[in-house]
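Worksheet for the structure shown next.
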Amino acid sequence: MHCQDAQELYSDYVEGKLDRAMTVSFENHLADCASCQTEVEQFRSLWAGLEELPLAEPPAFFHENIMSRIALEQAKAEEASARKRLFWDWSALLRPRAFAAGFAALILLLAGAEVVQTQRASLGPVGWIISLVHPSTSNTPLETQTAKWEAEGQNGGTLVVELKAKPQTNGQAGTANVQVMQGNTVLQSAVVTSSDSTTLRINLPKAPTSEEITLSVSEAGAEQNTKKVPLHLSNTP
């Protein structure tokens, strides 16, 4: 037996836990090794001194304090894990593929809502979003916009358009720039106000249809916000 092997058996030898064969081998080594013999005696003395020490009572609420600290550390770990998962969920939404898919879904939603523009009032907040993307053509600076066809002879006649602008919200007179369009052709332009109605008389070689005639309208000073408005035609007897 070597010294290194013997040193691992000091505790079991002093406590009497070695079997008979190992005890004989260990004691034979001690008989030939003064160094290990001295260390075993020192270990035996130390062990005896420890046996004579009084047992110490743990402080009051020692167990409760330990368990409370463990529970607190577990709660902190769970909170940190929850914050990490929340951050991961938001960061996943910002990934290019997920962001593109979400944006495409929004576009499809708004495009589909185009077919029900007349029901915007019942859509609540969605209607407000739709109005930003697809402004309603009925929301124009005009208060009056009527048109009638006065036939004169065969096919020819006069298109009579009656227009009046809305007053401003502060009570001042409103002004609007209007173009009467037949397809992409400008038939006549005018500046109309809220103080008086403006009548436009346009001679045409034949009666137009309601689908052909539209108004291009913008509030004075805001020409970049031009709106195209359909104009329904009525025929005079």
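Ordering of the structure tokens sets the chain letters (A, B, ...), residue numbers begin anew at 1 in every chain, and ligands are numbered from 1 in the order given.
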
Write out as a VMD selection string all residues of range 3-99 of chain A that backbone DSSP assigns to alpha helix (DSSP H).
-> chain A and resid 3 to 7 10 to 15 20 to 32 34 to 52 62 to 93 96 to 99

Would you kindly return, as a PDB file with N, CA, C and O atoms, in the first residue's frame, each protein, DNA or RNA residue with an atom no farther than 8 Å from any atom of range 162-171 of chain A, considering only C-alpha atoms and excluding same-chain residues fewer than 3 positions away?
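result-v9.pdb, freshly written:
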ATOM      1  N   PRO A 141     -65.047  70.301 -49.799  1.00  0.00           N
ATOM      2  CA  PRO A 141     -65.382  71.667 -49.336  1.00  0.00           C
ATOM      3  C   PRO A 141     -66.686  72.194 -49.906  1.00  0.00           C
ATOM      4  O   PRO A 141     -66.984  73.371 -49.741  1.00  0.00           O
ATOM      5  N   LEU A 142     -67.470  71.355 -50.600  1.00  0.00           N
ATOM      6  CA  LEU A 142     -68.705  71.807 -51.222  1.00  0.00           C
ATOM      7  C   LEU A 142     -69.915  71.507 -50.352  1.00  0.00           C
ATOM      8  O   LEU A 142     -70.046  70.430 -49.781  1.00  0.00           O
ATOM      9  N   GLU A 143     -70.820  72.474 -50.294  1.00  0.00           N
ATOM     10  CA  GLU A 143     -72.088  72.288 -49.598  1.00  0.00           C
ATOM     11  C   GLU A 143     -73.177  71.881 -50.584  1.00  0.00           C
ATOM     12  O   GLU A 143     -74.047  71.077 -50.260  1.00  0.00           O
ATOM     13  N   THR A 144     -73.116  72.428 -51.780  1.00  0.00           N
ATOM     14  CA  THR A 144     -74.088  72.126 -52.835  1.00  0.00           C
ATOM     15  C   THR A 144     -73.347  71.701 -54.091  1.00  0.00           C
ATOM     16  O   THR A 144     -72.368  72.347 -54.494  1.00  0.00           O
ATOM     17  N   GLN A 145     -73.821  70.625 -54.726  1.00  0.00           N
ATOM     18  CA  GLN A 145     -73.230  70.150 -55.968  1.00  0.00           C
ATOM     19  C   GLN A 145     -74.293  69.384 -56.745  1.00  0.00           C
ATOM     20  O   GLN A 145     -74.456  68.189 -56.583  1.00  0.00           O
ATOM     21  N   THR A 146     -75.017  70.089 -57.562  1.00  0.00           N
ATOM     22  CA  THR A 146     -76.075  69.482 -58.362  1.00  0.00           C
ATOM     23  C   THR A 146     -75.823  69.768 -59.839  1.00  0.00           C
ATOM     24  O   THR A 146     -75.129  70.726 -60.190  1.00  0.00           O
ATOM     25  N   ALA A 147     -76.364  68.926 -60.670  1.00  0.00           N
ATOM     26  CA  ALA A 147     -76.208  69.114 -62.119  1.00  0.00           C
ATOM     27  C   ALA A 147     -77.461  68.618 -62.829  1.00  0.00           C
ATOM     28  O   ALA A 147     -78.104  67.663 -62.388  1.00  0.00           O
ATOM     29  N   GLY A 174     -66.150  80.235 -46.845  1.00  0.00           N
ATOM     30  CA  GLY A 174     -65.299  79.212 -47.422  1.00  0.00           C
ATOM     31  C   GLY A 174     -65.169  79.396 -48.917  1.00  0.00           C
ATOM     32  O   GLY A 174     -66.050  79.968 -49.575  1.00  0.00           O
ATOM     33  N   THR A 175     -64.049  78.942 -49.442  1.00  0.00           N
ATOM     34  CA  THR A 175     -63.775  79.052 -50.878  1.00  0.00           C
ATOM     35  C   THR A 175     -63.228  77.730 -51.381  1.00  0.00           C
ATOM     36  O   THR A 175     -62.421  77.089 -50.703  1.00  0.00           O
ATOM     37  N   ALA A 176     -63.669  77.338 -52.586  1.00  0.00           N
ATOM     38  CA  ALA A 176     -63.215  76.074 -53.165  1.00  0.00           C
ATOM     39  C   ALA A 176     -62.931  76.256 -54.654  1.00  0.00           C
ATOM     40  O   ALA A 176     -63.598  77.043 -55.337  1.00  0.00           O
ATOM     41  N   VAL A 192     -65.653  78.883 -56.270  1.00  0.00           N
ATOM     42  CA  VAL A 192     -66.972  79.056 -55.659  1.00  0.00           C
ATOM     43  C   VAL A 192     -66.795  79.407 -54.188  1.00  0.00           C
ATOM     44  O   VAL A 192     -65.792  79.066 -53.556  1.00  0.00           O
ATOM     45  N   THR A 193     -67.766  80.114 -53.637  1.00  0.00           N
ATOM     46  CA  THR A 193     -67.710  80.557 -52.248  1.00  0.00           C
ATOM     47  C   THR A 193     -68.941  80.050 -51.498  1.00  0.00           C
ATOM     48  O   THR A 193     -69.875  79.508 -52.096  1.00  0.00           O
ATOM     49  N   SER A 194     -68.928  80.261 -50.188  1.00  0.00           N
ATOM     50  CA  SER A 194     -70.061  79.848 -49.362  1.00  0.00           C
ATOM     51  C   SER A 194     -71.113  80.941 -49.235  1.00  0.00           C
ATOM     52  O   SER A 194     -72.189  80.698 -48.712  1.00  0.00           O
ATOM     53  N   SER A 195     -70.797  82.127 -49.727  1.00  0.00           N
ATOM     54  CA  SER A 195     -71.741  83.235 -49.592  1.00  0.00           C
ATOM     55  C   SER A 195     -72.820  83.192 -50.670  1.00  0.00           C
ATOM     56  O   SER A 195     -73.972  83.571 -50.420  1.00  0.00           O
ATOM     57  N   ASP A 196     -72.482  82.750 -51.877  1.00  0.00           N
ATOM     58  CA  ASP A 196     -73.450  82.702 -52.973  1.00  0.00           C
ATOM     59  C   ASP A 196     -73.252  81.415 -53.771  1.00  0.00           C
ATOM     60  O   ASP A 196     -72.145  80.894 -53.874  1.00  0.00           O
ATOM     61  N   SER A 197     -74.352  80.950 -54.362  1.00  0.00           N
ATOM     62  CA  SER A 197     -74.273  79.805 -55.257  1.00  0.00           C
ATOM     63  C   SER A 197     -73.678  80.233 -56.588  1.00  0.00           C
ATOM     64  O   SER A 197     -73.887  81.360 -57.056  1.00  0.00           O
ATOM     65  N   THR A 198     -72.928  79.343 -57.210  1.00  0.00           N
ATOM     66  CA  THR A 198     -72.328  79.586 -58.515  1.00  0.00           C
ATOM     67  C   THR A 198     -72.949  78.629 -59.520  1.00  0.00           C
ATOM     68  O   THR A 198     -73.015  77.420 -59.279  1.00  0.00           O
ATOM     69  N   THR A 199     -73.406  79.172 -60.619  1.00  0.00           N
ATOM     70  CA  THR A 199     -74.022  78.358 -61.666  1.00  0.00           C
ATOM     71  C   THR A 199     -73.110  78.326 -62.880  1.00  0.00           C
ATOM     72  O   THR A 199     -72.722  79.380 -63.403  1.00  0.00           O
ATOM     73  N   LEU A 200     -72.765  77.143 -63.323  1.00  0.00           N
ATOM     74  CA  LEU A 200     -71.942  76.962 -64.511  1.00  0.00           C
ATOM     75  C   LEU A 200     -72.820  76.377 -65.622  1.00  0.00           C
ATOM     76  O   LEU A 200     -73.536  75.393 -65.409  1.00  0.00           O
TER      77      LEU A 200
END

To one decimal place, how far is CA of Thr140 in chain A from CA of Val229 in chain A in Å?
-> 8.1 Å

Polymer residues at most 9 Å from Val14 in chain A, only C-alpha atoms, same-chain spacing of 6 or more positions, as number ranges by chain = A: 40, 43-44, 47

Saved selection, atoms kept: N, CA, C and O atoms, as a JSON list (two decimals), in the first residue's frame:
[["chain", "number", "residue", "atom", "x", "y", "z"],
["A", 40, "VAL", "N", -1.93, 9.72, 11.28],
["A", 40, "VAL", "CA", -3.11, 9.02, 11.80],
["A", 40, "VAL", "C", -3.35, 9.40, 13.25],
["A", 40, "VAL", "O", -4.49, 9.61, 13.68],
["A", 43, "PHE", "N", -4.79, 12.82, 13.38],
["A", 43, "PHE", "CA", -6.18, 12.77, 12.94],
["A", 43, "PHE", "C", -7.08, 12.23, 14.04],
["A", 43, "PHE", "O", -8.18, 12.71, 14.28],
["A", 44, "ARG", "N", -6.56, 11.18, 14.78],
["A", 44, "ARG", "CA", -7.33, 10.59, 15.87],
["A", 44, "ARG", "C", -7.58, 11.61, 16.98],
["A", 44, "ARG", "O", -8.68, 11.70, 17.53],
["A", 47, "TRP", "N", -10.12, 14.20, 15.82],
["A", 47, "TRP", "CA", -11.45, 13.60, 15.82],
["A", 47, "TRP", "C", -12.02, 13.51, 17.23],
["A", 47, "TRP", "O", -13.21, 13.78, 17.45]]

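Take the candidates A:Pro208, A:Pro54, A:Gly153, A:Gly49 and check each one against Leu187 in chain A using only C-alpha atoms; the shortest distance goes to A:Pro208.
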
Select, from A:Arg201, A:His63, A:Lys76, A:Lys206, the residue with the minimum atom-to-atom distance to Gln154 in chain A, counting only C-alpha atoms.
-> A:Lys206

Asn203 in chain A environment, 9 Å, only C-alpha atoms, sequence neighbours closer than 3 positions dropped, as an mmCIF file with all heavy atoms, in the first residue's frame:
data_model
loop_
_atom_site.group_PDB
_atom_site.id
_atom_site.type_symbol
_atom_site.label_atom_id
_atom_site.label_comp_id
_atom_site.auth_asym_id
_atom_site.auth_seq_id
_atom_site.Cartn_x
_atom_site.Cartn_y
_atom_site.Cartn_z
ATOM 1 N N GLY A 156 -77.866 67.762 -78.647
ATOM 2 C CA GLY A 156 -77.144 68.860 -78.020
ATOM 3 C C GLY A 156 -77.916 69.478 -76.866
ATOM 4 O O GLY A 156 -79.104 69.265 -76.677
ATOM 5 N N GLY A 157 -77.207 70.283 -76.058
ATOM 6 C CA GLY A 157 -77.862 70.949 -74.952
ATOM 7 C C GLY A 157 -76.871 71.593 -74.018
ATOM 8 O O GLY A 157 -75.702 71.817 -74.360
ATOM 9 N N THR A 158 -77.324 71.914 -72.811
ATOM 10 C CA THR A 158 -76.507 72.621 -71.841
ATOM 11 C C THR A 158 -76.461 71.837 -70.526
ATOM 12 O O THR A 158 -77.504 71.412 -70.008
ATOM 13 C CB THR A 158 -77.069 74.024 -71.561
ATOM 14 O OG1 THR A 158 -77.130 74.741 -72.808
ATOM 15 C CG2 THR A 158 -76.178 74.777 -70.588
ATOM 16 N N LEU A 159 -75.258 71.681 -70.035
ATOM 17 C CA LEU A 159 -75.063 71.080 -68.710
ATOM 18 C C LEU A 159 -75.031 72.214 -67.702
ATOM 19 O O LEU A 159 -74.164 73.081 -67.751
ATOM 20 C CB LEU A 159 -73.760 70.281 -68.663
ATOM 21 C CG LEU A 159 -73.389 69.671 -67.312
ATOM 22 C CD1 LEU A 159 -74.401 68.608 -66.893
ATOM 23 C CD2 LEU A 159 -71.981 69.065 -67.364
ATOM 24 N N VAL A 160 -75.999 72.228 -66.777
ATOM 25 C CA VAL A 160 -76.112 73.288 -65.774
ATOM 26 C C VAL A 160 -75.657 72.708 -64.424
ATOM 27 O O VAL A 160 -76.270 71.779 -63.894
ATOM 28 C CB VAL A 160 -77.545 73.821 -65.675
ATOM 29 C CG1 VAL A 160 -77.611 74.964 -64.656
ATOM 30 C CG2 VAL A 160 -78.031 74.300 -67.040
ATOM 31 N N LYS A 206 -73.762 66.587 -77.093
ATOM 32 C CA LYS A 206 -74.692 65.519 -76.763
ATOM 33 C C LYS A 206 -74.755 65.348 -75.249
ATOM 34 O O LYS A 206 -73.868 65.789 -74.502
ATOM 35 C CB LYS A 206 -74.279 64.210 -77.424
ATOM 36 C CG LYS A 206 -72.973 63.645 -76.926
ATOM 37 C CD LYS A 206 -72.701 62.284 -77.580
ATOM 38 C CE LYS A 206 -71.413 61.672 -77.030
ATOM 39 N NZ LYS A 206 -71.164 60.333 -77.632
#

Do you know which residues are at most 6 Å from range 211-218 of chain A counting only C-alpha atoms, after dropping those on the same chain fewer than 3 positions away, and could you put them as a list in words?
->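 Once the nearby chain positions are removed, what remains is Ala176, Asn177, Val178, Gln179, Val180, Met181, Gln182, Gly183, Glu223, Asn225, Thr226, Lys227, Lys228, Val229, Pro230 and Leu231 of chain A.
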
Residue neighbourhood Gln7 in chain A, 12 Å, only C-alpha atoms, exclusion window fewer than 2 positions, as a list of chain:residue names |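 So, after excluding close chain neighbours, the residues are A:Met1, A:His2, A:Cys3, A:Gln4, A:Asp5, A:Leu9, A:Tyr10, A:Ser11, A:Asp12, A:Tyr13, A:Val14, A:Phe26, A:His29, A:Leu30, A:Cys33, A:Ser35, A:Cys36, A:Gln37, A:Thr38, A:Glu39, A:Val40, A:Phe43.
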
Go ahead and write the residues just picked, C-alpha atoms, as an mmCIF file, in the first residue's frame.
data_model
loop_
_atom_site.group_PDB
_atom_site.id
_atom_site.type_symbol
_atom_site.label_atom_id
_atom_site.label_comp_id
_atom_site.auth_asym_id
_atom_site.auth_seq_id
_atom_site.Cartn_x
_atom_site.Cartn_y
_atom_site.Cartn_z
ATOM 1 C CA MET A 1 0.000 0.000 0.000
ATOM 2 C CA HIS A 2 1.311 3.437 -0.872
ATOM 3 C CA CYS A 3 1.057 6.554 1.321
ATOM 4 C CA GLN A 4 -1.464 8.182 -1.044
ATOM 5 C CA ASP A 5 -3.763 5.159 -0.755
ATOM 6 C CA LEU A 9 -8.376 5.598 4.590
ATOM 7 C CA TYR A 10 -7.524 7.712 7.680
ATOM 8 C CA SER A 11 -11.150 8.614 8.462
ATOM 9 C CA ASP A 12 -12.549 5.103 7.987
ATOM 10 C CA TYR A 13 -9.692 3.575 10.041
ATOM 11 C CA VAL A 14 -10.210 5.944 12.989
ATOM 12 C CA PHE A 26 -3.379 -0.503 6.469
ATOM 13 C CA HIS A 29 1.734 0.095 6.071
ATOM 14 C CA LEU A 30 1.695 2.166 9.287
ATOM 15 C CA CYS A 33 5.740 4.347 7.500
ATOM 16 C CA SER A 35 4.968 9.666 8.525
ATOM 17 C CA CYS A 36 1.546 8.084 7.976
ATOM 18 C CA GLN A 37 1.565 6.767 11.540
ATOM 19 C CA THR A 38 2.098 10.308 12.877
ATOM 20 C CA GLU A 39 -0.664 11.710 10.664
ATOM 21 C CA VAL A 40 -3.110 9.023 11.795
ATOM 22 C CA PHE A 43 -6.183 12.774 12.939
#
